[in-house]
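Peer 1: I'd like to ask you about the structure that follows.
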Amino acid sequence: MAIIISDQRMPKMNGTEFLSRTVEKFPDTIRMVLTGYTDLEDLVSAINSGKVFKYITKPWNPKKLKEIITQAAEIYQMIKQRTQVLSQALAQESLRNNIMAAVRGSLDYSNTLQTVVSALGEAFETDLAILYPVEVLPTELTTNVLTYQPELSDEQSDNHPPFCSDLDNLPALPSSLDITSESVIVDHKMVTRIVVPLMEKGKPMATICLYKDTQQPTWADAAIALLKNVSEQVALAISHAKLYQRIHRQTVQMRAELDVARQIQSNLLHQSWPDIPGVKIQARCQPAREVGGDFFEVFMHPQGDIWLAVGDVSGKGVPAALFMASAISVLRRELAQEKSPEPEKVMHNLNSSLSNDLMSNNCFITMALIRYSEKTRELVYANAGHVYPIVWSHHQVVVSQETDAEAHAVTPIYLDVRGVPLGILPNWQAAAGKLHLSDGDVLLLTSDGITEATVPSHHRKDNSQSSCSMLNQEGLWAFLQQQPAELNLDNLLSYIHLPEGEQEDDQTILSLEVTSC
């Protein structure tokens with residue numbers, strides 16, 4: 001009802017009371033009162049409780065009354081239009097929010113497509129909704145399509161057969177890129193179909209078809225009005241899901257390739273060497289990522305020399321791993337000469353072979369290289385900007401622990417003769433260092449991932465105030481002094497690994513212990 005006109009004085013119920021009962025059921029209706037009673041209090045009551053638009057006193061002018069009724073009808077139409085626009089905007093926003101919330105619930109491409117077609121089909125109360133991804137050819141309408149049909153109760157299923165028993169018999173899709181509405185025949189019945197192409201930056205993402213068993217144009221008109229405002233957001237959501245799927249596939253492929261690379265690198269470092277009387281060798285390498293730039297080498301020369309090396313390529317990940325593999329290959333070639341070479345000469349040749357590639361990629365390699373002669377127990381080393389190797393008498397450490405006396409404190413020897421890292425200068429030159437080892441002496445080579453590791457301060461004895469601090473070579477030596485007779489590199493790695501957080505750098509450690517034959 002557009003307008004209700006009521007007399008004020010009526011038996012059992014006055015006009016304002018009557019009109020007040022119509023407010024809840026007909027909120028947009030225009031209400032007017034005709035009365036000869038002009039009491040002000042009654043007038044206020046009529047306006048407040050009855051939501052009265054006009055209070056007209058008797059006698060009225062018929063022409064004036066007609067003008068008031070015409071004005072009321074125009075106001076009613078304006079209110080209805082504004083209410084309709086507002087309701088449509090609210091419905092549009094609600095639909096957009098519902099669809100976007102459903103779509104954001106899953107980044108998986110297939111799940112997103114199914115969510116879109118289900119959300120649209122349910123929102124517009126369709127009998128059937130079908131989504132055709134852009135990958136599906138027009139001649140393969142039922143291949144990899146996604147559908148939605150409302151669930152029917154047992155009673156509904158008995159009284160109403162399925163809307164469409166065979167998707168292959170559906171009419172062909174129109175070629176238009178605009179939203180279209182048409183009447184089509186499905187299972188010998190005329191129904192309404194809305195076709196919605198979903199475009200993202202002019203690129204088709206999918207096509208959605210909404211079917212409803214109705215010939216009422218109001219359903220199609222209202223649906224199209226909403227779909228025009230949400231189709232771009234739906235297409236964007238599908239585009240994001242497709243991009244996520246592509247990135248996910250690339251990530252899975254990359255992880256598989258990195259697993260292969262990690263295995264190759266592990267095999268490259270997984271060396272075995274024979275038991276040598278009087279010498280015990282241990283080595284560990286733990287990359288911070290799937291692959292890393294740290295490496296070690298244990299090479300037994302036919303002349304009897306034992307070669308030890310620990311290197312560290314700047315950077316992390318795959319680029320560092322590639323240079324690491326190149327460095328090991330060139331190093332093994334240099335060490336495999338018929339006559340055991342000098343360490344500084346090997347380092348010079350390594351720099352000559354690798355410097356061009358290292359410089360062009362802004363990389364460098366630090367490395368400590370040691371040749372140990374079992375017969376003479378002489379140690380000769382060259383160092384290219386690497387962490388100082390450390391030598392100490394483990395026998396004296398054990399004795400110091402047993403006596404618990406400062407007089408027996410052990411002082412380590414740092415092999416501190418070194419040159420610049422490889423790849424810094426075209427021509428590498430540095431002197432070699434020498435040292436003679438005795439029974440119980442231990443040689444330890446590490447990468448900076450060990451000395452620069454962050455450890456809890458309660459492990460340290462330097463009264464550090466922070467909760468965590470860098471180990472440094474002093475902290476490493478303090479840890480080594482606390483070790484029992486058997487040096488175990490796994491204990492050291494466990495010591496520097498924090499229970500929380502991830503490993504910051506590759507960690508490599510290599511030891512040679514001189515034992516009694």
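The chains in the structure tokens are called A, B, ... from first to last as shown; in each chain the residues are counted from 1, and the ligands are counted from 1 in the order shown.
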Write out as a ChimeraX atom specification all residues of stretch 157-399 of chain A that backbone DSSP assigns to alpha helix (DSSP H).
Peer 2: /A:157-159,217-269,317-335,343-360,394-399
Peer 1: Find the nearest atom pair between each residue of stretch 401-454 of chain A and stretch 475-484 of chain A for residues within 9 Å, count only C-alpha atoms, give distances in Å to one decimal, sort rows by chain and ascending number, and present the table as CSV.
Peer 2:
```
residue,atom,partner,partner_atom,distance
A:Gln401,CA,A:Gln482,CA,7.6
A:Val410,CA,A:Gln481,CA,8.2
A:Pro412,CA,A:Trp477,CA,7.8
A:Ile450,CA,A:Leu476,CA,8.3
A:Thr451,CA,A:Leu476,CA,6.8
```
Peer 1: Excluding same-chain residues fewer than 6 positions from stretch 210-226 of chain A, what lies within 7 Å of it counting only C-alpha atoms, as number ranges by chain?
Peer 2: A: 92, 121, 124, 126-130, 181, 191-195
Peer 1: So that I can see what lies close to A:Arg31, please list as an NGL selection string the residues with an atom at most 7 Å from it, counting only C-alpha atoms and leaving out residues fewer than 6 positions away in the same chain.
Peer 2: :A and (3-5 or 19 or 51-53)
Peer 1: For the residues in the current selection, export C-alpha atoms as a JSON list (two decimals), in the first residue's frame.
Peer 2:
```
[["chain", "number", "residue", "atom", "x", "y", "z"],
["A", 3, "ILE", "CA", -1.07, 5.58, 1.15],
["A", 4, "ILE", "CA", -3.43, 4.98, 4.08],
["A", 5, "ILE", "CA", -5.96, 7.74, 4.93],
["A", 19, "LEU", "CA", -2.04, 3.80, 11.95],
["A", 51, "LYS", "CA", 4.18, 7.99, 11.90],
["A", 52, "VAL", "CA", 1.67, 10.30, 10.29],
["A", 53, "PHE", "CA", 2.81, 12.20, 7.21]]
```
Peer 1: May I ask which of the residues A:Leu131, A:Leu152, A:Ile306, A:Leu335 is the closest one to A:Leu113, counting only C-alpha atoms?
Peer 2: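 With only C-alpha atoms as the atom set, the closest residue is A:Leu131.
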Peer 1: Can you pull out every residue within 12 Å of stretch 342-353 of chain A, counting only C-alpha atoms, but drop anything in the same chain fewer than 3 positions away, and send it as a ChimeraX atom specification?
Peer 2: /A:305-309,311,323,326-337,339,356-359,364-372,379-385,417-434
Peer 1: Keeping only C-alpha atoms, take the residues you just selected and write them out as an mmCIF file, in the first residue's frame.
Peer 2:
```
data_model
loop_
_atom_site.group_PDB
_atom_site.id
_atom_site.type_symbol
_atom_site.label_atom_id
_atom_site.label_comp_id
_atom_site.auth_asym_id
_atom_site.auth_seq_id
_atom_site.Cartn_x
_atom_site.Cartn_y
_atom_site.Cartn_z
ATOM 1 C CA ASP A 305 100.817 -37.180 2.788
ATOM 2 C CA ILE A 306 97.410 -36.399 4.285
ATOM 3 C CA TRP A 307 95.733 -33.294 2.870
ATOM 4 C CA LEU A 308 93.048 -31.481 4.857
ATOM 5 C CA ALA A 309 91.029 -28.478 3.688
ATOM 6 C CA GLY A 311 86.601 -23.777 2.597
ATOM 7 C CA PHE A 323 81.290 -22.458 -6.677
ATOM 8 C CA SER A 326 84.002 -26.088 -8.742
ATOM 9 C CA ALA A 327 86.478 -25.450 -5.920
ATOM 10 C CA ILE A 328 86.465 -29.105 -4.823
ATOM 11 C CA SER A 329 86.939 -30.282 -8.416
ATOM 12 C CA VAL A 330 89.937 -27.989 -9.021
ATOM 13 C CA LEU A 331 91.395 -28.773 -5.577
ATOM 14 C CA ARG A 332 91.289 -32.517 -6.155
ATOM 15 C CA ARG A 333 92.935 -32.075 -9.540
ATOM 16 C CA GLU A 334 95.753 -30.059 -7.970
ATOM 17 C CA LEU A 335 96.262 -32.507 -5.094
ATOM 18 C CA ALA A 336 96.331 -35.526 -7.425
ATOM 19 C CA GLN A 337 99.716 -34.569 -8.920
ATOM 20 C CA LYS A 339 104.448 -35.445 -6.513
ATOM 21 C CA ASN A 356 87.710 -14.831 -13.152
ATOM 22 C CA ASP A 357 84.389 -16.497 -12.357
ATOM 23 C CA LEU A 358 84.537 -15.396 -8.713
ATOM 24 C CA MET A 359 85.280 -11.754 -9.577
ATOM 25 C CA PHE A 364 85.254 -15.068 -3.029
ATOM 26 C CA ILE A 365 86.417 -18.206 -1.234
ATOM 27 C CA THR A 366 88.221 -18.466 2.071
ATOM 28 C CA MET A 367 90.104 -21.695 2.641
ATOM 29 C CA ALA A 368 92.618 -23.302 4.971
ATOM 30 C CA LEU A 369 94.746 -26.008 3.311
ATOM 31 C CA ILE A 370 97.033 -28.322 5.301
ATOM 32 C CA ARG A 371 99.492 -31.038 4.315
ATOM 33 C CA TYR A 372 100.439 -33.447 7.101
ATOM 34 C CA LEU A 379 102.371 -29.896 9.223
ATOM 35 C CA VAL A 380 102.618 -27.334 6.363
ATOM 36 C CA TYR A 381 99.675 -25.012 5.701
ATOM 37 C CA ALA A 382 98.430 -22.160 3.541
ATOM 38 C CA ASN A 383 95.511 -19.937 4.430
ATOM 39 C CA ALA A 384 93.408 -17.774 2.088
ATOM 40 C CA GLY A 385 91.605 -15.442 4.474
ATOM 41 C CA VAL A 417 99.948 -17.169 8.698
ATOM 42 C CA ARG A 418 97.499 -16.317 5.910
ATOM 43 C CA GLY A 419 96.834 -14.334 2.734
ATOM 44 C CA VAL A 420 93.772 -12.800 1.095
ATOM 45 C CA PRO A 421 90.741 -14.919 0.064
ATOM 46 C CA LEU A 422 90.636 -16.505 -3.371
ATOM 47 C CA GLY A 423 89.001 -14.374 -6.049
ATOM 48 C CA ILE A 424 90.103 -11.026 -4.575
ATOM 49 C CA LEU A 425 93.342 -10.584 -6.577
ATOM 50 C CA PRO A 426 94.309 -12.069 -9.957
ATOM 51 C CA ASN A 427 97.588 -13.394 -8.511
ATOM 52 C CA TRP A 428 97.489 -15.035 -5.073
ATOM 53 C CA GLN A 429 100.683 -15.053 -3.051
ATOM 54 C CA ALA A 430 101.323 -15.823 0.612
ATOM 55 C CA ALA A 431 103.871 -17.642 2.698
ATOM 56 C CA ALA A 432 103.298 -21.131 4.058
ATOM 57 C CA GLY A 433 103.371 -21.929 7.747
ATOM 58 C CA LYS A 434 104.911 -24.997 9.402
#
```
Peer 1: Restricting the calculation to only C-alpha atoms: of A:Thr29, A:Gln149, A:Ser110, A:Ser175, which residue gets closest to A:Ile238?
Peer 2: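 Closest candidate: A:Ser110.
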Peer 1: Considering only C-alpha atoms, can you say which of A:Val391, A:Val234, A:Ala206, A:Leu415 comes closest to A:Leu120?
Peer 2: A:Val234
Peer 1: Between A:Lys203, A:Lys228, A:Gly317, A:His301, which one has atoms that come closest to A:Pro341, using only C-alpha atoms?
Peer 2: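 Smallest separation from A:Pro341 among the options: A:His301.
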Peer 1: Need the shell around A:His497: protein/DNA/RNA residues with any atom at most 10 Å away, counting only C-alpha atoms. Skip same-chain ones fewer than 6 positions apart. Format as a PDB file with N, CA and C atoms, in the first residue's frame?
Peer 2:
```pdb
ATOM      1  N   ILE A 450      81.009 -21.706  12.548  1.00  0.00           N
ATOM      2  CA  ILE A 450      81.235 -22.225  13.907  1.00  0.00           C
ATOM      3  C   ILE A 450      81.596 -21.080  14.850  1.00  0.00           C
ATOM      4  N   ALA A 453      78.806 -18.483  15.402  1.00  0.00           N
ATOM      5  CA  ALA A 453      77.513 -18.990  15.865  1.00  0.00           C
ATOM      6  C   ALA A 453      77.117 -18.288  17.159  1.00  0.00           C
ATOM      7  N   THR A 454      75.813 -18.095  17.351  1.00  0.00           N
ATOM      8  CA  THR A 454      75.284 -17.468  18.560  1.00  0.00           C
ATOM      9  C   THR A 454      74.913 -18.543  19.563  1.00  0.00           C
ATOM     10  N   VAL A 455      75.443 -18.419  20.777  1.00  0.00           N
ATOM     11  CA  VAL A 455      75.192 -19.424  21.813  1.00  0.00           C
ATOM     12  C   VAL A 455      74.645 -18.728  23.055  1.00  0.00           C
ATOM     13  N   PRO A 456      73.880 -19.440  23.881  1.00  0.00           N
ATOM     14  CA  PRO A 456      73.390 -18.847  25.140  1.00  0.00           C
ATOM     15  C   PRO A 456      74.544 -18.413  26.023  1.00  0.00           C
ATOM     16  N   GLN A 503      69.417 -21.973  11.696  1.00  0.00           N
ATOM     17  CA  GLN A 503      70.862 -21.864  11.552  1.00  0.00           C
ATOM     18  C   GLN A 503      71.184 -20.700  10.628  1.00  0.00           C
TER      19      GLN A 503
END
```
Peer 1: Grab the atom CA of A:Ser272 to atom CA of A:Asp259 distance for me, in Å with one decimal place.
Peer 2: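 According to the coordinates, atom CA of A:Ser272 and atom CA of A:Asp259 are separated by 22.3 Å.
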